[in-house]
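Undergrad: My structure is below; once you've seen it, I'll send some questions.
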2 protein chains.
Amino acid sequence: MSLIVQKFGGTSVGTTERIQNVAKKVKKFRDEGHDIVVVVSAMSGETNRLIGLANSITEEPDGRELDVLVSTGEQVTIALLCMALQKIGCEARSYTGGQVRILTDSAFTKARILDIDGQRMRDDLAKGRVVVVAGFQGEDEAGNITTLGRGGSDTTGVALAAALKADECQIYTDVDGVYTTDPRVVDDARRLDKITFEEMLEMASLGSKVLQIRSVEFAGKYNVPLRVLSSFEDGPGTLITTEDIENMEQPIVSGIAFNRDEAKLTVAGVPDVPGIASKILTPVSDANIEVDMIVQNVGVDNRTDFTFTVHRNEFKKAQAILAGVASEIGAREVIGDSKICKVSIVGVGMRSHAGVASRMFKALSADGINIQMISTSEIKISVVIDEKYLELAVRSLHTAFELSEKPA
Amino acid sequence: MSLIVQKFGGTSVGTTERIQNVAKKVKKFRDEGHDIVVVVSAMSGETNRLIGLANSITEEPDGRELDVLVSTGEQVTIALLCMALQKIGCEARSYTGGQVRILTDSAFTKARILDIDGQRMRDDLAKGRVVVVAGFQGEDEAGNITTLGRGGSDTTGVALAAALKADECQIYTDVDGVYTTDPRVVDDARRLDKITFEEMLEMASLGSKVLQIRSVEFAGKYNVPLRVLSSFEDGPGTLITTEDIENMEQPIVSGIAFNRDEAKLTVAGVPDVPGIASKILTPVSDANIEVDMIVQNVGVDNRTDFTFTVHRNEFKKAQAILAGVASEIGAREVIGDSKICKVSIVGVGMRSHAGVASRMFKALSADGINIQMISTSEIKISVVIDEKYLELAVRSLHTAFELSEKPA
C-alpha cells in the first residue's frame, strides 16, 4: 500500500461526465489499497469565463479580488468530484487551498507556497477517505485567498506529495507520457518509461505541453517521483525521477527537443572589453524580452560578435533596442534573422560519453543542414538552424541516436 | 456618520452591469460619509446552475460538498463588486463567510449563525474601506464551509448589522418598500414609511415576497432597524423597526395581507375530550403537512367541530390522512373545501382600539361576503372566505380602514 497524489487538469474534469470518469479511476486505485489525495483544476473554460466577468468590469482587476474570483473554479470541481466519489461508494472529503492549509506568500495571482499542513489530510486518509484538494490556490498568513498562477495545479500536486512524503505524484493529462520527440514530427517517436528531472527540464519545449516546468523543478528539489499519464486511457505513462545510478545502461540521449518561432540577433564588431555583454543585454531584459541562447565567440583584433536568440514575437522590439545600443558601444552593426529554429539533444548519459556532439553534427551535415549557432550544457546540446530544416533535423537526429528502439 | 449594512440580492447583481450600478449606489452612501458593509447574494441563476451540476452527478448530494459547491456563487459576486468599487475609486475588500468569520453550527445546507467576529470588518472600516461580505454562508467550528439555506443572505445582512451594532440594515430588492397590500390587487395601495417587526411578521403573505421571515425575526430579536428599498430606483423605502411608543397617532391597521391557494378541512362531530386536537394533528404534521389556521369552537352535546387550513397542494394528502383518523377517534365525518382563501388585517394599533373586528366584519358583510372561519391574534384578525371574493374583500377592507391615505 502506498500514498499516491493524483492531479487531474481542466480537460480531465471538463464535464460532469468526465468528473465521474475521474472518480472511477480514483476508486480503482483506492480499491487496490492505496491512500489517495486528488488535486483538481477548474473545469476547462471556467477560469476564462471568470476572468471574462472581471474584464467586463475592469481591465486591471485588483490581484486580491481576482484570486477570490478565480479560486471558485477549483472549488466547484472539488465538490463535484467528492459527490461523484461518494456516489460510487468511495468516501471522500474536499478541501480548498485555504482549508488544507496551503500557506503561500501574498503575491496575489502568482503566489508561492511556503508551507503545507498535512494533518487534516492525514486524519482523513487514516479514516479511509479520499482527500480532494483544490489545485492552484492557497491562503496567505492573513487568511487572504491566493492563487499560484496559471498551471499552478501541477505545483499543488507536487507540493502536497512532498509534504505528505507520498510515494508518487501522478499527473493526468491528455497525452499518455513523455516522448523521445514530438510524435507529430517523428512517426516512430517512442514513449519513455523513465526520464530524469534534469532531462525533463531541458526538454522544456516538449515537456511544457505536458507539465508545468515549475512543478518539475519542485519535484526534483523535493525528490518526488512524478508520473505523467493519460486521463483517458490506461497505461504506465512516464516516470520522472532522479538519475538511476545503478542502471549504467541508460541511453546516451533520451530525447530531441525543439523550438520553433525563434529569432536570432547578432551585434557584430563589438569592442572586446569587459562588461560589454551586460551593456548589450541589460536594455533588452529591461524591456521584458526573454533571451534564450547566448553565444559569444573568442574575439579577433579586439572585436567580437555577440549573438542571442529571442522569441520571434519580440524580434522587432529587440532589434530596435539593439540599434541604439550598437551605436552607443561602438559596434559595427546589428544583424537579425527571424527564420531560425533551435534543435536540442538531451540526455544525462552524454555526461559520461564522449563523441555525442560529433555524432550530432555528423548526422546534420549528412543531411546538408548548416549549423548557425551551438550551445551546450552538461546534458544538452542545442543548435540553431534555418527553420526550413526543423523536421528534417529532428528526424535525422532521432534516427542517429536510435531513439525509436527501446534501450536494453 | 453612521454604519450601514446594505444587502443586495441575486437580481440586483444579476449581470456585471448591474454589479456596477450597485457599486455606484454604495459609493453614493460612502461619499456621504457613512461606513458601509455590503452583503451580496450569488448572481441570479448561478445557484441553480451549480445545483444543476451537482444533480447531473447525483440526486442526493452530500450536504457538506453541496455547501462547498454552492458557496462559490456569492464568492464570485463579492470579488466582482470589489473590482467595480475599486474602479470608481472606492476602496473595498471582500470576505467569504468563513473569512469574516461567521461561525455557524454544522447543519450543512441550513446552518444557523452562532457568532460573528467583527474585528476584521472594523479594521477595514477604520481604514476607510467598504467591506463586501458573501451572504448565505459561514464556517463551522472545524472550518467546514456551511450555507444558511435559500434566501439566507438577508439573514447574513441582519446578523452582521447586529454584530457591528449598525445603525441600519438596508435590504435592496426589486420592490420599493412594503405596501398596505398587494398593489396588483388594490390600485391605491400605499407604500408604508414605517412598520413594526411584529406587523411585518404577520404580513408574511405580503412580506415573504420582500424579505425572508427569518431575517425579520432576527432583526426584531436584536433590534436592528431594517429598511426595504429598491435596487433600481431611489427612494426612502420602508423602515421596519420596533413599535414607536411616542407616536400615539399610529394607524389602527397597517395593512391587509392575504393567502390564496388555501384549503380547509373540518373533522365534524369530534368527541369533545382532552387530547383530541393532538390526535387529529399529529398524523398530519408527521406527514410534513404544514397547518396554518386552526379553529375549534365550544362543543355542544360533547361533540365539537375541528377545522384547520393547509396549502391547497396538500389538500388531498391531508384529506386521506383525516379519513383514517376520523374513524379511529369516532368523529362523524370529514368535510373539505379547497376553494377558499385567507384575508387578514394587521396592525399593532388594534391592541388599544376596540371595535376593529366589528368594523372588519361589517365591511365584508356590506359587500355580501360570508365569513367561514375567524382567527385572531394580538395584532391580526384573519378570516377564511370563498376564494372568489378575495380581491373584493381586500379592496373593501383597504377602503374601510382608509389605508390609501397617509396617517397624520
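By convention in this document, the chains of the C-alpha cells carry letters A, B, ... by their order, each chain's residues are numbered from 1, and ligands are numbered from 1 in the order they are shown.
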Just want the 12 Å neighbourhood of Val356 (chain A), counted on only C-alpha atoms, with same-chain residues fewer than 2 positions away dropped. Output as a VMD selection string.

TA: chain A and resid 251 to 253 344 to 354 358 to 363 376 378 to 382 397 400 to 401

Undergrad: Those selected residues, please, written with N, CA and C atoms and delivered as a PDB file, in the first residue's frame.

TA:
ATOM      1  N   PRO A 251      20.350   5.102 -21.881  1.00  0.00           N
ATOM      2  CA  PRO A 251      20.728   5.599 -23.202  1.00  0.00           C
ATOM      3  C   PRO A 251      21.515   6.890 -23.072  1.00  0.00           C
ATOM      4  N   ILE A 252      22.323   7.171 -24.088  1.00  0.00           N
ATOM      5  CA  ILE A 252      23.137   8.379 -24.085  1.00  0.00           C
ATOM      6  C   ILE A 252      22.241   9.608 -24.236  1.00  0.00           C
ATOM      7  N   VAL A 253      21.352   9.511 -25.193  1.00  0.00           N
ATOM      8  CA  VAL A 253      20.426  10.615 -25.444  1.00  0.00           C
ATOM      9  C   VAL A 253      19.011  10.121 -25.190  1.00  0.00           C
ATOM     10  N   SER A 344      17.579  20.489 -30.059  1.00  0.00           N
ATOM     11  CA  SER A 344      18.482  20.074 -28.977  1.00  0.00           C
ATOM     12  C   SER A 344      18.406  18.570 -28.767  1.00  0.00           C
ATOM     13  N   ILE A 345      19.530  17.972 -28.440  1.00  0.00           N
ATOM     14  CA  ILE A 345      19.512  16.594 -27.947  1.00  0.00           C
ATOM     15  C   ILE A 345      19.740  16.660 -26.445  1.00  0.00           C
ATOM     16  N   VAL A 346      18.988  15.838 -25.713  1.00  0.00           N
ATOM     17  CA  VAL A 346      19.005  15.897 -24.257  1.00  0.00           C
ATOM     18  C   VAL A 346      19.252  14.497 -23.701  1.00  0.00           C
ATOM     19  N   GLY A 347      20.095  14.392 -22.701  1.00  0.00           N
ATOM     20  CA  GLY A 347      20.281  13.091 -22.062  1.00  0.00           C
ATOM     21  C   GLY A 347      21.350  13.129 -20.993  1.00  0.00           C
ATOM     22  N   VAL A 348      21.054  12.588 -19.824  1.00  0.00           N
ATOM     23  CA  VAL A 348      22.059  12.564 -18.760  1.00  0.00           C
ATOM     24  C   VAL A 348      23.233  11.667 -19.156  1.00  0.00           C
ATOM     25  N   GLY A 349      22.964  10.720 -20.066  1.00  0.00           N
ATOM     26  CA  GLY A 349      24.010   9.793 -20.498  1.00  0.00           C
ATOM     27  C   GLY A 349      25.181  10.467 -21.181  1.00  0.00           C
ATOM     28  N   MET A 350      24.948  11.628 -21.769  1.00  0.00           N
ATOM     29  CA  MET A 350      26.039  12.268 -22.530  1.00  0.00           C
ATOM     30  C   MET A 350      27.134  12.798 -21.630  1.00  0.00           C
ATOM     31  N   ARG A 351      26.835  12.920 -20.346  1.00  0.00           N
ATOM     32  CA  ARG A 351      27.875  13.325 -19.392  1.00  0.00           C
ATOM     33  C   ARG A 351      29.092  12.420 -19.456  1.00  0.00           C
ATOM     34  N   SER A 352      28.847  11.104 -19.550  1.00  0.00           N
ATOM     35  CA  SER A 352      29.945  10.149 -19.460  1.00  0.00           C
ATOM     36  C   SER A 352      30.309   9.557 -20.819  1.00  0.00           C
ATOM     37  N   HIS A 353      29.753  10.114 -21.873  1.00  0.00           N
ATOM     38  CA  HIS A 353      30.056   9.589 -23.205  1.00  0.00           C
ATOM     39  C   HIS A 353      30.650  10.669 -24.082  1.00  0.00           C
ATOM     40  N   ALA A 354      31.828  10.430 -24.566  1.00  0.00           N
ATOM     41  CA  ALA A 354      32.439  11.373 -25.495  1.00  0.00           C
ATOM     42  C   ALA A 354      31.797  11.187 -26.860  1.00  0.00           C
ATOM     43  N   SER A 358      29.873  15.204 -31.796  1.00  0.00           N
ATOM     44  CA  SER A 358      30.315  14.947 -33.172  1.00  0.00           C
ATOM     45  C   SER A 358      29.311  14.076 -33.908  1.00  0.00           C
ATOM     46  N   ARG A 359      28.699  13.124 -33.173  1.00  0.00           N
ATOM     47  CA  ARG A 359      27.677  12.269 -33.797  1.00  0.00           C
ATOM     48  C   ARG A 359      26.495  13.126 -34.249  1.00  0.00           C
ATOM     49  N   MET A 360      26.155  14.125 -33.420  1.00  0.00           N
ATOM     50  CA  MET A 360      25.052  15.012 -33.751  1.00  0.00           C
ATOM     51  C   MET A 360      25.364  15.836 -34.997  1.00  0.00           C
ATOM     52  N   PHE A 361      26.538  16.453 -34.997  1.00  0.00           N
ATOM     53  CA  PHE A 361      26.906  17.345 -36.103  1.00  0.00           C
ATOM     54  C   PHE A 361      27.047  16.576 -37.408  1.00  0.00           C
ATOM     55  N   LYS A 362      27.559  15.334 -37.275  1.00  0.00           N
ATOM     56  CA  LYS A 362      27.738  14.481 -38.452  1.00  0.00           C
ATOM     57  C   LYS A 362      26.379  14.154 -39.076  1.00  0.00           C
ATOM     58  N   ALA A 363      25.411  13.838 -38.216  1.00  0.00           N
ATOM     59  CA  ALA A 363      24.072  13.495 -38.711  1.00  0.00           C
ATOM     60  C   ALA A 363      23.450  14.677 -39.441  1.00  0.00           C
ATOM     61  N   THR A 376      26.014  24.472 -25.477  1.00  0.00           N
ATOM     62  CA  THR A 376      25.930  23.184 -24.788  1.00  0.00           C
ATOM     63  C   THR A 376      25.760  23.364 -23.284  1.00  0.00           C
ATOM     64  N   GLU A 378      25.640  20.524 -19.633  1.00  0.00           N
ATOM     65  CA  GLU A 378      26.041  19.201 -19.171  1.00  0.00           C
ATOM     66  C   GLU A 378      25.281  18.083 -19.862  1.00  0.00           C
ATOM     67  N   ILE A 379      23.976  18.283 -20.051  1.00  0.00           N
ATOM     68  CA  ILE A 379      23.154  17.178 -20.546  1.00  0.00           C
ATOM     69  C   ILE A 379      22.377  17.562 -21.805  1.00  0.00           C
ATOM     70  N   LYS A 380      22.822  18.618 -22.486  1.00  0.00           N
ATOM     71  CA  LYS A 380      22.082  19.063 -23.652  1.00  0.00           C
ATOM     72  C   LYS A 380      23.014  19.734 -24.654  1.00  0.00           C
ATOM     73  N   ILE A 381      22.785  19.473 -25.931  1.00  0.00           N
ATOM     74  CA  ILE A 381      23.489  20.223 -26.979  1.00  0.00           C
ATOM     75  C   ILE A 381      22.430  20.829 -27.886  1.00  0.00           C
ATOM     76  N   SER A 382      22.472  22.146 -28.034  1.00  0.00           N
ATOM     77  CA  SER A 382      21.487  22.816 -28.875  1.00  0.00           C
ATOM     78  C   SER A 382      22.163  23.426 -30.083  1.00  0.00           C
ATOM     79  N   LEU A 397      18.204  13.248 -36.327  1.00  0.00           N
ATOM     80  CA  LEU A 397      18.817  13.006 -35.017  1.00  0.00           C
ATOM     81  C   LEU A 397      18.127  11.848 -34.300  1.00  0.00           C
ATOM     82  N   ALA A 400      19.675   8.898 -35.784  1.00  0.00           N
ATOM     83  CA  ALA A 400      21.093   8.784 -35.454  1.00  0.00           C
ATOM     84  C   ALA A 400      21.306   8.251 -34.038  1.00  0.00           C
ATOM     85  N   PHE A 401      20.440   8.640 -33.126  1.00  0.00           N
ATOM     86  CA  PHE A 401      20.605   8.186 -31.737  1.00  0.00           C
ATOM     87  C   PHE A 401      19.691   6.996 -31.407  1.00  0.00           C
TER      88      PHE A 401
END

Undergrad: Kindly provide the residues of chain B that approach chain A to within 6 Å, each paired with its closest atom pair and their distance in Å to one decimal, based on only C-alpha atoms, listed by chain and increasing number, as a tab-separated table.

TA:
residue	atom	partner	partner_atom	distance
B:Pro61	CA	A:Met83	CA	5.9
B:Glu65	CA	A:Ala79	CA	4.9
B:Val68	CA	A:Ala79	CA	5.9
B:Leu69	CA	A:Val76	CA	5.0
B:Thr72	CA	A:Thr72	CA	5.4
B:Val76	CA	A:Leu69	CA	4.9
B:Ala79	CA	A:Glu65	CA	4.9
B:Met83	CA	A:Pro61	CA	5.9

Undergrad: Considering only strand (DSSP E or B) as DSSP defines it on the backbone, what residues of region 163-275 of chain B qualify? List them as an NGL selection string.

TA: :B and (168-173 or 179 or 191 or 194-196 or 226-230 or 238-241 or 255-271)

Undergrad: I need the residues from that last selection saved to file as a JSON list (two decimals), in the first residue's frame (with N, CA and C atoms), if you can.

TA:
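As a result, selection_17.json now contains:
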[["chain", "number", "residue", "atom", "x", "y", "z"],
["B", 168, "GLU", "N", -28.36, 50.80, 10.72],
["B", 168, "GLU", "CA", -29.46, 50.37, 9.87],
["B", 168, "GLU", "C", -28.98, 49.23, 8.98],
["B", 169, "CYS", "N", -29.89, 48.31, 8.71],
["B", 169, "CYS", "CA", -29.62, 47.25, 7.73],
["B", 169, "CYS", "C", -30.57, 47.47, 6.56],
["B", 170, "GLN", "N", -30.00, 47.78, 5.39],
["B", 170, "GLN", "CA", -30.82, 48.07, 4.22],
["B", 170, "GLN", "C", -30.88, 46.84, 3.31],
["B", 171, "ILE", "N", -32.10, 46.40, 3.03],
["B", 171, "ILE", "CA", -32.27, 45.25, 2.14],
["B", 171, "ILE", "C", -32.78, 45.76, 0.80],
["B", 172, "TYR", "N", -31.93, 45.66, -0.24],
["B", 172, "TYR", "CA", -32.32, 46.12, -1.58],
["B", 172, "TYR", "C", -33.00, 45.00, -2.35],
["B", 173, "THR", "N", -34.17, 45.30, -2.90],
["B", 173, "THR", "CA", -34.94, 44.27, -3.59],
["B", 173, "THR", "C", -35.47, 44.85, -4.89],
["B", 179, "TYR", "N", -45.97, 47.50, 1.16],
["B", 179, "TYR", "CA", -47.21, 48.23, 0.86],
["B", 179, "TYR", "C", -48.33, 47.82, 1.80],
["B", 191, "ARG", "N", -47.30, 52.73, -0.14],
["B", 191, "ARG", "CA", -46.05, 52.30, 0.48],
["B", 191, "ARG", "C", -45.98, 52.81, 1.90],
["B", 194, "LYS", "N", -43.08, 53.18, 7.51],
["B", 194, "LYS", "CA", -42.62, 52.50, 8.70],
["B", 194, "LYS", "C", -43.55, 51.35, 9.04],
["B", 195, "ILE", "N", -43.05, 50.29, 9.58],
["B", 195, "ILE", "CA", -43.88, 49.17, 10.02],
["B", 195, "ILE", "C", -43.11, 48.50, 11.15],
["B", 196, "THR", "N", -43.82, 47.86, 12.09],
["B", 196, "THR", "CA", -43.09, 47.20, 13.18],
["B", 196, "THR", "C", -42.69, 45.79, 12.77],
["B", 226, "LEU", "N", -34.43, 47.76, 10.10],
["B", 226, "LEU", "CA", -34.33, 47.11, 8.80],
["B", 226, "LEU", "C", -35.04, 48.00, 7.80],
["B", 227, "ARG", "N", -34.42, 48.26, 6.65],
["B", 227, "ARG", "CA", -35.08, 49.10, 5.66],
["B", 227, "ARG", "C", -35.14, 48.34, 4.33],
["B", 228, "VAL", "N", -36.34, 48.28, 3.75],
["B", 228, "VAL", "CA", -36.53, 47.64, 2.45],
["B", 228, "VAL", "C", -36.54, 48.73, 1.39],
["B", 229, "LEU", "N", -35.64, 48.61, 0.39],
["B", 229, "LEU", "CA", -35.59, 49.63, -0.67],
["B", 229, "LEU", "C", -35.44, 48.97, -2.03],
["B", 230, "SER", "N", -35.62, 49.76, -3.06],
["B", 230, "SER", "CA", -35.44, 49.26, -4.42],
["B", 230, "SER", "C", -33.99, 49.38, -4.87],
["B", 238, "THR", "N", -39.18, 51.32, 3.06],
["B", 238, "THR", "CA", -39.97, 51.14, 4.28],
["B", 238, "THR", "C", -39.03, 50.73, 5.40],
["B", 239, "LEU", "N", -39.13, 51.42, 6.51],
["B", 239, "LEU", "CA", -38.31, 51.10, 7.67],
["B", 239, "LEU", "C", -39.08, 50.14, 8.58],
["B", 240, "ILE", "N", -38.46, 49.02, 8.90],
["B", 240, "ILE", "CA", -39.08, 48.06, 9.81],
["B", 240, "ILE", "C", -38.35, 48.18, 11.14],
["B", 241, "THR", "N", -39.09, 48.50, 12.17],
["B", 241, "THR", "CA", -38.42, 48.82, 13.43],
["B", 241, "THR", "C", -39.34, 48.47, 14.60],
["B", 255, "GLY", "N", -51.92, 47.17, 7.40],
["B", 255, "GLY", "CA", -52.01, 46.56, 6.08],
["B", 255, "GLY", "C", -52.96, 45.39, 6.01],
["B", 256, "ILE", "N", -53.23, 45.00, 4.78],
["B", 256, "ILE", "CA", -54.11, 43.86, 4.52],
["B", 256, "ILE", "C", -53.27, 42.77, 3.86],
["B", 257, "ALA", "N", -53.18, 41.64, 4.55],
["B", 257, "ALA", "CA", -52.44, 40.52, 3.97],
["B", 257, "ALA", "C", -53.42, 39.47, 3.48],
["B", 258, "PHE", "N", -52.99, 38.64, 2.55],
["B", 258, "PHE", "CA", -53.88, 37.56, 2.12],
["B", 258, "PHE", "C", -53.10, 36.36, 1.60],
["B", 259, "ASN", "N", -53.72, 35.21, 1.67],
["B", 259, "ASN", "CA", -53.15, 33.99, 1.11],
["B", 259, "ASN", "C", -54.15, 33.35, 0.17],
["B", 260, "ARG", "N", -53.71, 33.18, -1.06],
["B", 260, "ARG", "CA", -54.50, 32.37, -1.99],
["B", 260, "ARG", "C", -54.13, 30.92, -1.75],
["B", 261, "ASP", "N", -54.68, 30.03, -2.50],
["B", 261, "ASP", "CA", -54.26, 28.63, -2.51],
["B", 261, "ASP", "C", -54.36, 27.95, -1.16],
["B", 262, "GLU", "N", -55.33, 28.37, -0.37],
["B", 262, "GLU", "CA", -55.53, 27.67, 0.89],
["B", 262, "GLU", "C", -56.63, 26.62, 0.71],
["B", 263, "ALA", "N", -56.67, 25.67, 1.61],
["B", 263, "ALA", "CA", -57.76, 24.69, 1.61],
["B", 263, "ALA", "C", -58.13, 24.44, 3.07],
["B", 264, "LYS", "N", -59.37, 24.08, 3.28],
["B", 264, "LYS", "CA", -59.90, 23.97, 4.64],
["B", 264, "LYS", "C", -60.39, 22.55, 4.87],
["B", 265, "LEU", "N", -60.13, 22.01, 6.03],
["B", 265, "LEU", "CA", -60.57, 20.65, 6.36],
["B", 265, "LEU", "C", -61.25, 20.67, 7.72],
["B", 266, "THR", "N", -62.44, 20.11, 7.80],
["B", 266, "THR", "CA", -63.16, 20.06, 9.07],
["B", 266, "THR", "C", -63.40, 18.61, 9.45],
["B", 267, "VAL", "N", -62.99, 18.27, 10.65],
["B", 267, "VAL", "CA", -63.39, 16.97, 11.20],
["B", 267, "VAL", "C", -64.61, 17.28, 12.06],
["B", 268, "ALA", "N", -65.78, 16.85, 11.62],
["B", 268, "ALA", "CA", -67.03, 17.23, 12.28],
["B", 268, "ALA", "C", -67.48, 16.14, 13.25],
["B", 269, "GLY", "N", -68.16, 16.59, 14.30],
["B", 269, "GLY", "CA", -68.70, 15.64, 15.29],
["B", 269, "GLY", "C", -67.61, 14.89, 16.02],
["B", 270, "VAL", "N", -66.61, 15.64, 16.45],
["B", 270, "VAL", "CA", -65.50, 15.04, 17.17],
["B", 270, "VAL", "C", -65.88, 14.92, 18.65],
["B", 271, "PRO", "N", -65.64, 13.79, 19.30],
["B", 271, "PRO", "CA", -65.90, 13.68, 20.75],
["B", 271, "PRO", "C", -65.10, 14.77, 21.48]]

Undergrad: Contacts of region 274-291 of chain A at 9 Å or less, counting only C-alpha atoms, minus same-chain residues fewer than 5 places along, as a VMD selection string?

TA: chain A and resid 267 296 306 308 to 311 314 317 to 318 321 to 322 325 to 326 329

Undergrad: Counting only C-alpha atoms, which of A:Leu103, A:Ala23, A:Ala161, A:Ile113 gets nearest to Val130 (chain A)?

TA: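 The closest residue to Val130 (chain A) is A:Ala23.
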
Undergrad: Please report the interatomic distance between CA of Ile294 (chain B) and CA of Val394 (chain B) in Å with one decimal.

TA: 21.7 Å

Undergrad: Between B:Asp182, B:Asp124, B:Asp337, B:Glu199, which is the closest to Glu91 (chain B) once you count only C-alpha atoms?

TA: B:Asp124

Undergrad: When you draw a straight line from CA of Thr47 (chain A) to CA of Ile51 (chain B), how long is it in Å?

TA: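 Interatomic distance, CA of Thr47 (chain A) to CA of Ile51 (chain B): 19.0 Å.
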
Undergrad: From a DSSP pass on the backbone, collect the residues of region 92-198 of chain A flagged as alpha helix (DSSP H) and hand them back as a PyMOL selection string.

TA: chain A and resi 97-100+119-126+152-163+197-198

Undergrad: The selected residues should be written to file as a PDB file, in the first residue's frame (atoms: C-alpha atoms).

TA:
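Final output, again.pdb:
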ATOM      1  CA  GLY A  97      -6.312  25.553  -0.623  1.00  0.00           C
ATOM      2  CA  GLY A  98      -7.031  27.629   2.477  1.00  0.00           C
ATOM      3  CA  GLN A  99      -8.674  24.746   4.290  1.00  0.00           C
ATOM      4  CA  VAL A 100      -5.775  22.312   3.794  1.00  0.00           C
ATOM      5  CA  GLN A 119      -2.521  16.968   9.427  1.00  0.00           C
ATOM      6  CA  ARG A 120      -6.111  17.269   8.175  1.00  0.00           C
ATOM      7  CA  MET A 121      -5.279  15.193   5.117  1.00  0.00           C
ATOM      8  CA  ARG A 122      -3.527  12.521   7.179  1.00  0.00           C
ATOM      9  CA  ASP A 123      -6.514  12.311   9.545  1.00  0.00           C
ATOM     10  CA  ASP A 124      -8.878  11.809   6.626  1.00  0.00           C
ATOM     11  CA  LEU A 125      -6.625   9.235   4.962  1.00  0.00           C
ATOM     12  CA  ALA A 126      -6.452   7.331   8.255  1.00  0.00           C
ATOM     13  CA  GLY A 152      -0.337  26.007 -10.763  1.00  0.00           C
ATOM     14  CA  SER A 153      -2.357  22.875 -10.089  1.00  0.00           C
ATOM     15  CA  ASP A 154       0.638  20.725 -11.047  1.00  0.00           C
ATOM     16  CA  THR A 155       2.665  22.572  -8.438  1.00  0.00           C
ATOM     17  CA  THR A 156      -0.050  21.953  -5.838  1.00  0.00           C
ATOM     18  CA  GLY A 157       0.095  18.233  -6.633  1.00  0.00           C
ATOM     19  CA  VAL A 158       3.866  18.053  -6.253  1.00  0.00           C
ATOM     20  CA  ALA A 159       3.866  20.220  -3.118  1.00  0.00           C
ATOM     21  CA  LEU A 160       1.233  18.025  -1.457  1.00  0.00           C
ATOM     22  CA  ALA A 161       3.183  14.906  -2.437  1.00  0.00           C
ATOM     23  CA  ALA A 162       6.319  16.410  -0.891  1.00  0.00           C
ATOM     24  CA  ALA A 163       4.508  17.483   2.302  1.00  0.00           C
ATOM     25  CA  PHE A 197      14.109  15.601 -13.697  1.00  0.00           C
ATOM     26  CA  GLU A 198      17.068  17.325 -15.353  1.00  0.00           C
TER      27      GLU A 198
END

Undergrad: CA of Ser231 (chain A) to CA of Val39 (chain A): how many Å, to one decimal?

TA: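 Interatomic distance, CA of Ser231 (chain A) to CA of Val39 (chain A): 13.3 Å.
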
Undergrad: Could you name the residues that touch Ser44 (chain B) at 10 Å or less, counting only C-alpha atoms, but leaving out those on the same chain fewer than 6 positions away, as a VMD selection string?

TA: chain B and resid 9 to 15 73

Undergrad: Would you please work out which residue, of A:Asp301, A:Asp140, A:Glu387, A:Asp188, is nearest to Leu114 (chain A) when using only C-alpha atoms?

TA: A:Asp140

Undergrad: Residues at most 9 Å from Gln372 (chain B), counting only C-alpha atoms, excluding those fewer than 4 positions away in the same chain, as an MDAnalysis selection string?

TA: chainID B and resid 383:386

Undergrad: Could you write out the selected residues, including C-alpha atoms, as a PDB file, in the first residue's frame?

TA:
ATOM      1  CA  VAL B 383     -60.922  35.376   8.086  1.00  0.00           C
ATOM      2  CA  VAL B 384     -61.406  32.494   5.694  1.00  0.00           C
ATOM      3  CA  ILE B 385     -63.745  33.244   2.807  1.00  0.00           C
ATOM      4  CA  ASP B 386     -64.701  31.802  -0.562  1.00  0.00           C
TER       5      ASP B 386
END
